[in-house]
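Enquirer: PDB, N, CA, C and O atoms, file data_25.pdb:
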```pdb
ATOM      1  N   MET A 383      21.224   8.891  -6.976
ATOM      2  CA  MET A 383      20.127   8.332  -6.223
ATOM      3  C   MET A 383      18.829   8.981  -6.686
ATOM      4  O   MET A 383      18.701  10.192  -6.743
ATOM      5  N   SER A 384      17.882   8.188  -7.027
ATOM      6  CA  SER A 384      16.601   8.678  -7.499
ATOM      7  C   SER A 384      15.752   9.170  -6.325
ATOM      8  O   SER A 384      15.778   8.609  -5.229
ATOM      9  N   LEU A 385      14.991  10.229  -6.589
ATOM     10  CA  LEU A 385      14.091  10.755  -5.564
ATOM     11  C   LEU A 385      12.821   9.933  -5.451
ATOM     12  O   LEU A 385      12.076  10.072  -4.489
ATOM     13  N   GLY A 386      12.565   9.097  -6.434
ATOM     14  CA  GLY A 386      11.302   8.372  -6.453
ATOM     15  C   GLY A 386      10.214   9.301  -6.955
ATOM     16  O   GLY A 386      10.472  10.394  -7.440
ATOM     17  N   PRO A 387       8.973   8.905  -6.823
ATOM     18  CA  PRO A 387       7.890   9.743  -7.319
ATOM     19  C   PRO A 387       7.752  11.019  -6.481
ATOM     20  O   PRO A 387       7.865  10.986  -5.257
ATOM     21  N   LEU A 388       7.558  12.129  -7.158
ATOM     22  CA  LEU A 388       7.361  13.412  -6.487
ATOM     23  C   LEU A 388       5.912  13.852  -6.641
ATOM     24  O   LEU A 388       5.283  13.574  -7.661
ATOM     25  N   THR A 389       5.396  14.538  -5.639
ATOM     26  CA  THR A 389       4.036  15.065  -5.682
ATOM     27  C   THR A 389       4.092  16.523  -6.106
ATOM     28  O   THR A 389       4.796  17.328  -5.497
ATOM     29  N   LYS A 390       3.350  16.854  -7.146
ATOM     30  CA  LYS A 390       3.337  18.196  -7.724
ATOM     31  C   LYS A 390       2.238  19.029  -7.067
ATOM     32  O   LYS A 390       1.085  18.598  -7.016
ATOM     33  N   VAL A 391       2.594  20.232  -6.570
ATOM     34  CA  VAL A 391       1.621  21.110  -5.920
ATOM     35  C   VAL A 391       1.807  22.523  -6.452
ATOM     36  O   VAL A 391       2.884  23.110  -6.303
ATOM     37  N   GLU A 392       0.773  23.072  -7.088
ATOM     38  CA  GLU A 392       0.848  24.459  -7.556
ATOM     39  C   GLU A 392       0.594  25.375  -6.369
ATOM     40  O   GLU A 392      -0.319  25.156  -5.585
ATOM     41  N   VAL A 393       1.445  26.393  -6.217
ATOM     42  CA  VAL A 393       1.340  27.300  -5.077
ATOM     43  C   VAL A 393       1.210  28.743  -5.551
ATOM     44  O   VAL A 393       1.577  29.077  -6.663
ATOM     45  N   THR A 394       0.676  29.586  -4.675
ATOM     46  CA  THR A 394       0.603  31.019  -4.932
ATOM     47  C   THR A 394       1.522  31.695  -3.919
ATOM     48  O   THR A 394       1.129  31.928  -2.777
ATOM     49  N   PRO A 395       2.766  31.976  -4.317
ATOM     50  CA  PRO A 395       3.722  32.536  -3.372
ATOM     51  C   PRO A 395       3.496  34.034  -3.136
ATOM     52  O   PRO A 395       2.942  34.733  -3.980
ATOM     53  N   SER A 396       3.953  34.489  -1.987
ATOM     54  CA  SER A 396       3.891  35.919  -1.676
ATOM     55  C   SER A 396       4.952  36.646  -2.497
ATOM     56  O   SER A 396       5.906  36.019  -2.980
ATOM     57  N   PRO A 397       4.832  37.970  -2.666
ATOM     58  CA  PRO A 397       5.872  38.715  -3.385
ATOM     59  C   PRO A 397       7.255  38.534  -2.755
ATOM     60  O   PRO A 397       8.259  38.466  -3.460
ATOM     61  N   GLY A 398       7.320  38.417  -1.430
ATOM     62  CA  GLY A 398       8.593  38.197  -0.768
ATOM     63  C   GLY A 398       9.206  36.859  -1.132
ATOM     64  O   GLY A 398      10.420  36.742  -1.316
ATOM     65  N   ALA A 399       8.366  35.830  -1.229
ATOM     66  CA  ALA A 399       8.853  34.497  -1.603
ATOM     67  C   ALA A 399       9.352  34.495  -3.040
ATOM     68  O   ALA A 399      10.365  33.863  -3.347
ATOM     69  N   ILE A 400       8.657  35.216  -3.925
ATOM     70  CA  ILE A 400       9.101  35.295  -5.323
ATOM     71  C   ILE A 400      10.454  35.986  -5.399
ATOM     72  O   ILE A 400      11.351  35.550  -6.116
ATOM     73  N   ALA A 401      10.629  37.053  -4.636
ATOM     74  CA  ALA A 401      11.907  37.767  -4.629
ATOM     75  C   ALA A 401      13.027  36.873  -4.095
ATOM     76  O   ALA A 401      14.145  36.880  -4.621
ATOM     77  N   GLU A 402      12.736  36.086  -3.077
ATOM     78  CA  GLU A 402      13.741  35.187  -2.519
ATOM     79  C   GLU A 402      14.112  34.095  -3.523
ATOM     80  O   GLU A 402      15.287  33.756  -3.678
ATOM     81  N   LEU A 403      13.126  33.556  -4.224
ATOM     82  CA  LEU A 403      13.401  32.555  -5.255
ATOM     83  C   LEU A 403      14.246  33.147  -6.374
ATOM     84  O   LEU A 403      15.140  32.495  -6.897
ATOM     85  N   ALA A 404      13.945  34.389  -6.746
ATOM     86  CA  ALA A 404      14.636  35.041  -7.861
ATOM     87  C   ALA A 404      16.137  35.153  -7.611
ATOM     88  O   ALA A 404      16.919  35.233  -8.553
ATOM     89  N   GLU A 405      16.568  35.128  -6.348
ATOM     90  CA  GLU A 405      17.998  35.187  -6.036
ATOM     91  C   GLU A 405      18.741  33.968  -6.571
ATOM     92  O   GLU A 405      19.936  34.017  -6.795
ATOM     93  N   HIS A 406      18.041  32.850  -6.784
ATOM     94  CA  HIS A 406      18.664  31.622  -7.272
ATOM     95  C   HIS A 406      18.593  31.498  -8.787
ATOM     96  O   HIS A 406      19.151  30.552  -9.344
ATOM     97  N   PHE A 407      17.915  32.419  -9.456
ATOM     98  CA  PHE A 407      17.739  32.327 -10.896
ATOM     99  C   PHE A 407      18.754  33.212 -11.612
ATOM    100  O   PHE A 407      19.146  34.256 -11.103
ATOM    101  N   ILE A 408      19.143  32.794 -12.801
ATOM    102  CA  ILE A 408      20.046  33.586 -13.628
ATOM    103  C   ILE A 408      19.356  34.887 -14.029
ATOM    104  O   ILE A 408      19.949  35.937 -14.041
ATOM    105  N   CYS A 409      18.095  34.792 -14.347
ATOM    106  CA  CYS A 409      17.303  35.977 -14.665
ATOM    107  C   CYS A 409      15.882  35.733 -14.182
ATOM    108  O   CYS A 409      15.441  34.603 -14.085
ATOM    109  N   ALA A 410      15.212  36.798 -13.842
ATOM    110  CA  ALA A 410      13.816  36.701 -13.417
ATOM    111  C   ALA A 410      13.051  37.788 -14.165
ATOM    112  O   ALA A 410      13.108  38.956 -13.798
ATOM    113  N   PRO A 411      12.383  37.423 -15.233
ATOM    114  CA  PRO A 411      11.685  38.420 -16.043
ATOM    115  C   PRO A 411      10.497  39.032 -15.313
ATOM    116  O   PRO A 411      10.100  38.578 -14.237
ATOM    117  N   ASP A 412       9.960  40.081 -15.914
ATOM    118  CA  ASP A 412       8.779  40.736 -15.344
ATOM    119  C   ASP A 412       7.576  39.809 -15.409
ATOM    120  O   ASP A 412       7.514  38.900 -16.224
ATOM    121  N   GLY A 413       6.623  40.067 -14.553
ATOM    122  CA  GLY A 413       5.397  39.286 -14.533
ATOM    123  C   GLY A 413       5.398  38.318 -13.364
ATOM    124  O   GLY A 413       6.432  37.996 -12.793
ATOM    125  N   GLU A 414       4.202  37.865 -13.020
ATOM    126  CA  GLU A 414       4.068  36.927 -11.913
ATOM    127  C   GLU A 414       4.167  35.501 -12.445
ATOM    128  O   GLU A 414       3.430  35.108 -13.338
ATOM    129  N   PRO A 415       5.092  34.714 -11.889
ATOM    130  CA  PRO A 415       5.260  33.348 -12.390
ATOM    131  C   PRO A 415       4.217  32.384 -11.837
ATOM    132  O   PRO A 415       3.629  32.611 -10.783
ATOM    133  N   LYS A 416       4.009  31.309 -12.576
ATOM    134  CA  LYS A 416       3.249  30.161 -12.067
ATOM    135  C   LYS A 416       4.297  29.320 -11.347
ATOM    136  O   LYS A 416       5.321  28.956 -11.929
ATOM    137  N   VAL A 417       4.078  29.036 -10.071
ATOM    138  CA  VAL A 417       5.073  28.320  -9.272
ATOM    139  C   VAL A 417       4.521  26.956  -8.866
ATOM    140  O   VAL A 417       3.391  26.850  -8.389
ATOM    141  N   VAL A 418       5.341  25.929  -9.076
ATOM    142  CA  VAL A 418       4.977  24.565  -8.711
ATOM    143  C   VAL A 418       6.064  24.009  -7.801
ATOM    144  O   VAL A 418       7.257  24.138  -8.092
ATOM    145  N   GLY A 419       5.646  23.416  -6.675
ATOM    146  CA  GLY A 419       6.572  22.754  -5.772
ATOM    147  C   GLY A 419       6.428  21.255  -5.923
ATOM    148  O   GLY A 419       5.329  20.744  -6.155
ATOM    149  N   TYR A 420       7.529  20.545  -5.823
ATOM    150  CA  TYR A 420       7.529  19.085  -5.917
ATOM    151  C   TYR A 420       8.023  18.528  -4.588
ATOM    152  O   TYR A 420       9.113  18.882  -4.126
ATOM    153  N   TYR A 421       7.223  17.655  -3.981
ATOM    154  CA  TYR A 421       7.520  17.098  -2.672
ATOM    155  C   TYR A 421       7.798  15.609  -2.783
ATOM    156  O   TYR A 421       7.151  14.907  -3.563
ATOM    157  N   ASP A 422       8.757  15.120  -1.972
ATOM    158  CA  ASP A 422       9.041  13.687  -1.965
ATOM    159  C   ASP A 422       8.004  12.964  -1.107
ATOM    160  O   ASP A 422       7.113  13.584  -0.527
ATOM    161  N   ARG A 423       8.130  11.653  -1.011
ATOM    162  CA  ARG A 423       7.109  10.877  -0.283
ATOM    163  C   ARG A 423       7.100  11.150   1.215
ATOM    164  O   ARG A 423       6.153  10.820   1.909
ATOM    165  N   ARG A 424       8.154  11.782   1.742
ATOM    166  CA  ARG A 424       8.180  12.166   3.156
ATOM    167  C   ARG A 424       7.636  13.576   3.384
ATOM    168  O   ARG A 424       7.617  14.058   4.500
ATOM    169  N   GLY A 425       7.208  14.223   2.286
ATOM    170  CA  GLY A 425       6.636  15.560   2.397
ATOM    171  C   GLY A 425       7.647  16.683   2.388
ATOM    172  O   GLY A 425       7.311  17.829   2.685
ATOM    173  N   LYS A 426       8.907  16.396   2.016
ATOM    174  CA  LYS A 426       9.937  17.434   1.951
ATOM    175  C   LYS A 426       9.969  18.048   0.564
ATOM    176  O   LYS A 426       9.914  17.343  -0.444
ATOM    177  N   LEU A 427      10.069  19.373   0.523
ATOM    178  CA  LEU A 427      10.161  20.089  -0.744
ATOM    179  C   LEU A 427      11.490  19.766  -1.404
ATOM    180  O   LEU A 427      12.541  19.905  -0.792
ATOM    181  N   ARG A 428      11.458  19.297  -2.657
ATOM    182  CA  ARG A 428      12.679  18.879  -3.348
ATOM    183  C   ARG A 428      12.960  19.674  -4.615
ATOM    184  O   ARG A 428      14.081  19.695  -5.100
ATOM    185  N   ARG A 429      11.938  20.335  -5.173
ATOM    186  CA  ARG A 429      12.141  21.085  -6.413
ATOM    187  C   ARG A 429      11.098  22.200  -6.476
ATOM    188  O   ARG A 429       9.954  22.007  -6.075
ATOM    189  N   ILE A 430      11.523  23.346  -6.981
ATOM    190  CA  ILE A 430      10.601  24.456  -7.239
ATOM    191  C   ILE A 430      10.792  24.863  -8.694
ATOM    192  O   ILE A 430      11.921  25.055  -9.146
ATOM    193  N   VAL A 431       9.689  24.982  -9.425
ATOM    194  CA  VAL A 431       9.732  25.404 -10.820
ATOM    195  C   VAL A 431       8.843  26.636 -10.971
ATOM    196  O   VAL A 431       7.674  26.606 -10.583
ATOM    197  N   ALA A 432       9.423  27.706 -11.509
ATOM    198  CA  ALA A 432       8.675  28.937 -11.767
ATOM    199  C   ALA A 432       8.646  29.163 -13.273
ATOM    200  O   ALA A 432       9.695  29.194 -13.921
ATOM    201  N   THR A 433       7.453  29.311 -13.833
ATOM    202  CA  THR A 433       7.294  29.557 -15.262
ATOM    203  C   THR A 433       6.698  30.953 -15.427
ATOM    204  O   THR A 433       5.613  31.232 -14.925
ATOM    205  N   TYR A 434       7.427  31.823 -16.115
ATOM    206  CA  TYR A 434       7.015  33.213 -16.296
ATOM    207  C   TYR A 434       6.160  33.371 -17.547
ATOM    208  O   TYR A 434       6.218  32.538 -18.454
ATOM    209  N   PRO A 435       5.374  34.452 -17.619
ATOM    210  CA  PRO A 435       4.483  34.652 -18.770
ATOM    211  C   PRO A 435       5.195  34.668 -20.126
ATOM    212  O   PRO A 435       4.619  34.265 -21.129
ATOM    213  N   ASP A 436       6.465  35.087 -20.172
ATOM    214  CA  ASP A 436       7.168  35.132 -21.462
ATOM    215  C   ASP A 436       7.736  33.777 -21.871
ATOM    216  O   ASP A 436       8.351  33.644 -22.918
ATOM    217  N   GLY A 437       7.554  32.743 -21.027
ATOM    218  CA  GLY A 437       8.031  31.404 -21.355
ATOM    219  C   GLY A 437       9.318  31.014 -20.642
ATOM    220  O   GLY A 437       9.748  29.864 -20.731
ATOM    221  N   THR A 438       9.946  31.936 -19.925
ATOM    222  CA  THR A 438      11.149  31.606 -19.166
ATOM    223  C   THR A 438      10.781  30.620 -18.060
ATOM    224  O   THR A 438       9.782  30.777 -17.381
ATOM    225  N   ARG A 439      11.611  29.572 -17.899
ATOM    226  CA  ARG A 439      11.348  28.531 -16.896
ATOM    227  C   ARG A 439      12.566  28.427 -15.987
ATOM    228  O   ARG A 439      13.685  28.195 -16.450
ATOM    229  N   CYS A 440      12.356  28.610 -14.703
ATOM    230  CA  CYS A 440      13.434  28.563 -13.720
ATOM    231  C   CYS A 440      13.176  27.412 -12.759
ATOM    232  O   CYS A 440      12.043  27.205 -12.329
ATOM    233  N   GLN A 441      14.230  26.674 -12.430
ATOM    234  CA  GLN A 441      14.091  25.516 -11.550
ATOM    235  C   GLN A 441      15.162  25.554 -10.466
ATOM    236  O   GLN A 441      16.317  25.865 -10.738
ATOM    237  N   VAL A 442      14.765  25.236  -9.238
ATOM    238  CA  VAL A 442      15.686  25.123  -8.103
ATOM    239  C   VAL A 442      15.528  23.713  -7.538
ATOM    240  O   VAL A 442      14.408  23.281  -7.274
ATOM    241  N   ASN A 443      16.644  23.008  -7.368
ATOM    242  CA  ASN A 443      16.632  21.670  -6.781
ATOM    243  C   ASN A 443      17.127  21.763  -5.339
ATOM    244  O   ASN A 443      18.082  22.485  -5.048
ATOM    245  N   ILE A 444      16.471  21.026  -4.453
ATOM    246  CA  ILE A 444      16.735  21.113  -3.017
ATOM    247  C   ILE A 444      17.016  19.715  -2.484
ATOM    248  O   ILE A 444      16.300  18.765  -2.818
ATOM    249  N   ASN A 445      18.045  19.583  -1.643
ATOM    250  CA  ASN A 445      18.355  18.262  -1.082
ATOM    251  C   ASN A 445      17.497  17.982   0.153
ATOM    252  O   ASN A 445      16.722  18.836   0.597
ATOM    253  N   ALA A 446      17.646  16.795   0.720
ATOM    254  CA  ALA A 446      16.820  16.389   1.861
ATOM    255  C   ALA A 446      17.041  17.267   3.079
ATOM    256  O   ALA A 446      16.164  17.390   3.926
ATOM    257  N   GLY A 447      18.211  17.908   3.159
ATOM    258  CA  GLY A 447      18.503  18.793   4.278
ATOM    259  C   GLY A 447      17.926  20.192   4.115
ATOM    260  O   GLY A 447      18.045  21.021   5.002
ATOM    261  N   GLY A 448      17.311  20.464   2.955
ATOM    262  CA  GLY A 448      16.706  21.762   2.721
ATOM    263  C   GLY A 448      17.622  22.779   2.064
ATOM    264  O   GLY A 448      17.291  23.956   1.985
ATOM    265  N   TYR A 449      18.784  22.333   1.563
ATOM    266  CA  TYR A 449      19.733  23.236   0.928
ATOM    267  C   TYR A 449      19.591  23.186  -0.590
ATOM    268  O   TYR A 449      19.377  22.115  -1.171
ATOM    269  N   VAL A 450      19.750  24.335  -1.243
ATOM    270  CA  VAL A 450      19.708  24.395  -2.704
ATOM    271  C   VAL A 450      20.963  23.728  -3.235
ATOM    272  O   VAL A 450      22.082  24.082  -2.856
ATOM    273  N   THR A 451      20.774  22.733  -4.097
ATOM    274  CA  THR A 451      21.910  22.016  -4.675
ATOM    275  C   THR A 451      22.228  22.490  -6.088
ATOM    276  O   THR A 451      23.364  22.405  -6.517
ATOM    277  N   SER A 452      21.219  22.976  -6.804
ATOM    278  CA  SER A 452      21.451  23.494  -8.149
ATOM    279  C   SER A 452      20.243  24.312  -8.584
ATOM    280  O   SER A 452      19.159  24.208  -8.009
ATOM    281  N   SER A 453      20.477  25.127  -9.594
ATOM    282  CA  SER A 453      19.373  25.886 -10.184
ATOM    283  C   SER A 453      19.662  26.054 -11.664
ATOM    284  O   SER A 453      20.814  25.993 -12.093
ATOM    285  N   SER A 454      18.606  26.238 -12.438
ATOM    286  CA  SER A 454      18.778  26.439 -13.875
ATOM    287  C   SER A 454      17.677  27.353 -14.391
ATOM    288  O   SER A 454      16.611  27.465 -13.791
ATOM    289  N   THR A 455      17.980  28.014 -15.487
ATOM    290  CA  THR A 455      17.020  28.888 -16.148
ATOM    291  C   THR A 455      17.015  28.550 -17.626
ATOM    292  O   THR A 455      18.073  28.453 -18.241
ATOM    293  N   LYS A 456      15.827  28.347 -18.181
ATOM    294  CA  LYS A 456      15.684  28.090 -19.617
ATOM    295  C   LYS A 456      14.916  29.254 -20.220
ATOM    296  O   LYS A 456      13.793  29.548 -19.800
ATOM    297  N   LEU A 457      15.542  29.906 -21.177
ATOM    298  CA  LEU A 457      14.914  31.045 -21.831
ATOM    299  C   LEU A 457      14.004  30.570 -22.949
ATOM    300  O   LEU A 457      14.229  29.505 -23.533
ATOM    301  N   PRO A 458      12.975  31.365 -23.279
ATOM    302  CA  PRO A 458      12.081  30.959 -24.371
ATOM    303  C   PRO A 458      12.819  30.966 -25.705
ATOM    304  O   PRO A 458      13.776  31.716 -25.899
ATOM    305  N   THR A 459      12.377  30.110 -26.603
ATOM    306  CA  THR A 459      12.963  30.033 -27.934
ATOM    307  C   THR A 459      12.463  31.196 -28.777
ATOM    308  O   THR A 459      11.270  31.489 -28.796
ATOM    309  N   ILE A 460      13.398  31.834 -29.465
ATOM    310  CA  ILE A 460      13.038  32.946 -30.351
ATOM    311  C   ILE A 460      13.260  32.466 -31.773
ATOM    312  O   ILE A 460      14.350  32.007 -32.132
ATOM    313  N   ARG A 461      12.239  32.569 -32.586
ATOM    314  CA  ARG A 461      12.355  32.140 -33.992
ATOM    315  C   ARG A 461      12.655  33.347 -34.859
ATOM    316  O   ARG A 461      12.011  34.384 -34.720
ATOM    317  N   VAL A 462      13.605  33.182 -35.730
ATOM    318  CA  VAL A 462      14.010  34.254 -36.621
ATOM    319  C   VAL A 462      13.691  33.841 -38.045
ATOM    320  O   VAL A 462      14.050  32.743 -38.475
ATOM    321  N   ARG A 463      13.005  34.704 -38.750
ATOM    322  CA  ARG A 463      12.678  34.418 -40.148
ATOM    323  C   ARG A 463      13.804  34.909 -41.027
ATOM    324  O   ARG A 463      14.341  35.997 -40.831
ATOM    325  N   ARG A 464      14.141  34.094 -42.005
ATOM    326  CA  ARG A 464      15.165  34.492 -42.982
ATOM    327  C   ARG A 464      14.567  35.463 -43.970
ATOM    328  O   ARG A 464      13.417  35.337 -44.367
ATOM    329  N   ALA A 465      15.380  36.402 -44.375
ATOM    330  CA  ALA A 465      14.952  37.333 -45.429
ATOM    331  C   ALA A 465      14.997  36.588 -46.760
ATOM    332  O   ALA A 465      15.885  35.771 -46.993
ATOM    333  N   ASP A 466      14.032  36.830 -47.615
ATOM    334  CA  ASP A 466      14.035  36.188 -48.925
ATOM    335  C   ASP A 466      15.223  36.698 -49.739
ATOM    336  O   ASP A 466      15.530  37.872 -49.749
ATOM    337  N   ALA A 467      15.890  35.766 -50.419
ATOM    338  CA  ALA A 467      17.092  36.130 -51.202
ATOM    339  C   ALA A 467      16.701  36.678 -52.549
ATOM    340  O   ALA A 467      15.723  36.455 -53.113
TER     341      ALA A 467
END
```
Can the structure from this file be put into structure tokens for me?
Expert:
Amino acid sequence: MSLGPLTKVEVTPSPGAIAELAEHFICAPDGEPKVVGYYDRRGKLRRIVATYPDGTRCQVNINAGGYVTSSSTKLPTIRVRRADA
């Protein structure tokens, strides 16, 4: 079932809120994340995305009842240079 269009709202969470969010993430790197909440047309929070300064992106999905249904963490891409042969 599609959520339909979501409204994106950038928020400034308290340190306590960041710590609570971090419990749902595989890893939470150092630094203060940029946090964006996505709300459905009824005004219910449905997704939270935290992007950390090192490029790590963490997402929590929330159902209509307010329960976390899934979470994911994407680590930044690291490029490795080959040694010249």
Enquirer: For Lys390 in chain A, find every residue with an atom within 6 Å (counting all atoms listed in the file), except residues of its own chain fewer than 6 positions away, and show them as a PyMOL selection string.
Expert: chain A and resi 419-421
Enquirer: How would you write, as a CSV table (one decimal) with N, CA, C and O atoms, in the coordinates of the input, the residues chosen by the PyMOL selection byres ((chain A and resi 433-447) around 6) on this structure?
Expert:
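Saved the output as result-v8.csv:
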```
chain,number,residue,atom,x,y,z
A,406,HIS,N,18.0,32.8,-6.8
A,406,HIS,CA,18.7,31.6,-7.3
A,406,HIS,C,18.6,31.5,-8.8
A,406,HIS,O,19.2,30.6,-9.3
A,412,ASP,N,10.0,40.1,-15.9
A,412,ASP,CA,8.8,40.7,-15.3
A,412,ASP,C,7.6,39.8,-15.4
A,412,ASP,O,7.5,38.9,-16.2
A,413,GLY,N,6.6,40.1,-14.6
A,413,GLY,CA,5.4,39.3,-14.5
A,413,GLY,C,5.4,38.3,-13.4
A,413,GLY,O,6.4,38.0,-12.8
A,414,GLU,N,4.2,37.9,-13.0
A,414,GLU,CA,4.1,36.9,-11.9
A,414,GLU,C,4.2,35.5,-12.4
A,414,GLU,O,3.4,35.1,-13.3
A,415,PRO,N,5.1,34.7,-11.9
A,415,PRO,CA,5.3,33.3,-12.4
A,415,PRO,C,4.2,32.4,-11.8
A,415,PRO,O,3.6,32.6,-10.8
A,416,LYS,N,4.0,31.3,-12.6
A,416,LYS,CA,3.2,30.2,-12.1
A,416,LYS,C,4.3,29.3,-11.3
A,416,LYS,O,5.3,29.0,-11.9
A,417,VAL,N,4.1,29.0,-10.1
A,417,VAL,CA,5.1,28.3,-9.3
A,417,VAL,C,4.5,27.0,-8.9
A,417,VAL,O,3.4,26.8,-8.4
A,427,LEU,N,10.1,19.4,0.5
A,427,LEU,CA,10.2,20.1,-0.7
A,427,LEU,C,11.5,19.8,-1.4
A,427,LEU,O,12.5,19.9,-0.8
A,428,ARG,N,11.5,19.3,-2.7
A,428,ARG,CA,12.7,18.9,-3.3
A,428,ARG,C,13.0,19.7,-4.6
A,428,ARG,O,14.1,19.7,-5.1
A,429,ARG,N,11.9,20.3,-5.2
A,429,ARG,CA,12.1,21.1,-6.4
A,429,ARG,C,11.1,22.2,-6.5
A,429,ARG,O,10.0,22.0,-6.1
A,430,ILE,N,11.5,23.3,-7.0
A,430,ILE,CA,10.6,24.5,-7.2
A,430,ILE,C,10.8,24.9,-8.7
A,430,ILE,O,11.9,25.1,-9.1
A,431,VAL,N,9.7,25.0,-9.4
A,431,VAL,CA,9.7,25.4,-10.8
A,431,VAL,C,8.8,26.6,-11.0
A,431,VAL,O,7.7,26.6,-10.6
A,432,ALA,N,9.4,27.7,-11.5
A,432,ALA,CA,8.7,28.9,-11.8
A,432,ALA,C,8.6,29.2,-13.3
A,432,ALA,O,9.7,29.2,-13.9
A,448,GLY,N,17.3,20.5,3.0
A,448,GLY,CA,16.7,21.8,2.7
A,448,GLY,C,17.6,22.8,2.1
A,448,GLY,O,17.3,24.0,2.0
A,449,TYR,N,18.8,22.3,1.6
A,449,TYR,CA,19.7,23.2,0.9
A,449,TYR,C,19.6,23.2,-0.6
A,449,TYR,O,19.4,22.1,-1.2
A,450,VAL,N,19.8,24.3,-1.2
A,450,VAL,CA,19.7,24.4,-2.7
A,450,VAL,C,21.0,23.7,-3.2
A,450,VAL,O,22.1,24.1,-2.9
A,451,THR,N,20.8,22.7,-4.1
A,451,THR,CA,21.9,22.0,-4.7
A,451,THR,C,22.2,22.5,-6.1
A,451,THR,O,23.4,22.4,-6.5
A,452,SER,N,21.2,23.0,-6.8
A,452,SER,CA,21.5,23.5,-8.1
A,452,SER,C,20.2,24.3,-8.6
A,452,SER,O,19.2,24.2,-8.0
A,453,SER,N,20.5,25.1,-9.6
A,453,SER,CA,19.4,25.9,-10.2
A,453,SER,C,19.7,26.1,-11.7
A,453,SER,O,20.8,26.0,-12.1
A,454,SER,N,18.6,26.2,-12.4
A,454,SER,CA,18.8,26.4,-13.9
A,454,SER,C,17.7,27.4,-14.4
A,454,SER,O,16.6,27.5,-13.8
A,455,THR,N,18.0,28.0,-15.5
A,455,THR,CA,17.0,28.9,-16.1
A,455,THR,C,17.0,28.6,-17.6
A,455,THR,O,18.1,28.5,-18.2
A,456,LYS,N,15.8,28.3,-18.2
A,456,LYS,CA,15.7,28.1,-19.6
A,456,LYS,C,14.9,29.3,-20.2
A,456,LYS,O,13.8,29.5,-19.8
A,457,LEU,N,15.5,29.9,-21.2
A,457,LEU,CA,14.9,31.0,-21.8
A,457,LEU,C,14.0,30.6,-22.9
A,457,LEU,O,14.2,29.5,-23.5
A,458,PRO,N,13.0,31.4,-23.3
A,458,PRO,CA,12.1,31.0,-24.4
A,458,PRO,C,12.8,31.0,-25.7
A,458,PRO,O,13.8,31.7,-25.9
```
Enquirer: Give the answer as one residue: which of A:Ala399, A:Leu388, A:Ile460, A:Val393 has the shortest atom-to-atom distance to Lys426 in chain A, using all atoms listed in the file?
Expert: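 Among A:Ala399, A:Leu388, A:Ile460, A:Val393, it is A:Leu388 that comes nearest to Lys426 in chain A.
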Enquirer: Determine which residues of chain A DSSP labels as helix (DSSP H, G or I) from the backbone of this structure, then write them out as a PyMOL selection string.
Expert: chain A and resi 397-404
Enquirer: In Å, with one decimal, what is the gap from CA of Asp422 in chain A to atom C of Val391 in chain A?
Expert: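 Atom-to-atom, CA of Asp422 in chain A and atom C of Val391 in chain A are spaced 12.3 Å apart.
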Enquirer: When you draw a straight line from CA of Val418 in chain A to CA of Gly386 in chain A, how long is it in Å?
Expert: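 It comes out at 17.5 Å.
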Enquirer: Please give the complete set of residues from chain A that DSSP, run on the backbone, assigns to strand (DSSP E), formatted as a PyMOL selection string.
Expert: chain A and resi 389-393+416-421+427-433+439-444+450-456
Enquirer: Please indicate the distance in Å from CA of Arg464 in chain A to CA of Cys409 in chain A, rounded to one decimal place.
Expert: 28.4 Å
Enquirer: Put a box with edges along x, y and z around all the listed atoms of range 437-453 of chain A, pad it by 3 Å on each side, then give me its centre and sizes in Å, one decimal, as lines of an AutoDock Vina configuration file.
Expert:
```
center_x = 15.5
center_y = 24.6
center_z = -8.2
size_x = 21.8
size_y = 22.4
size_z = 32.4
```
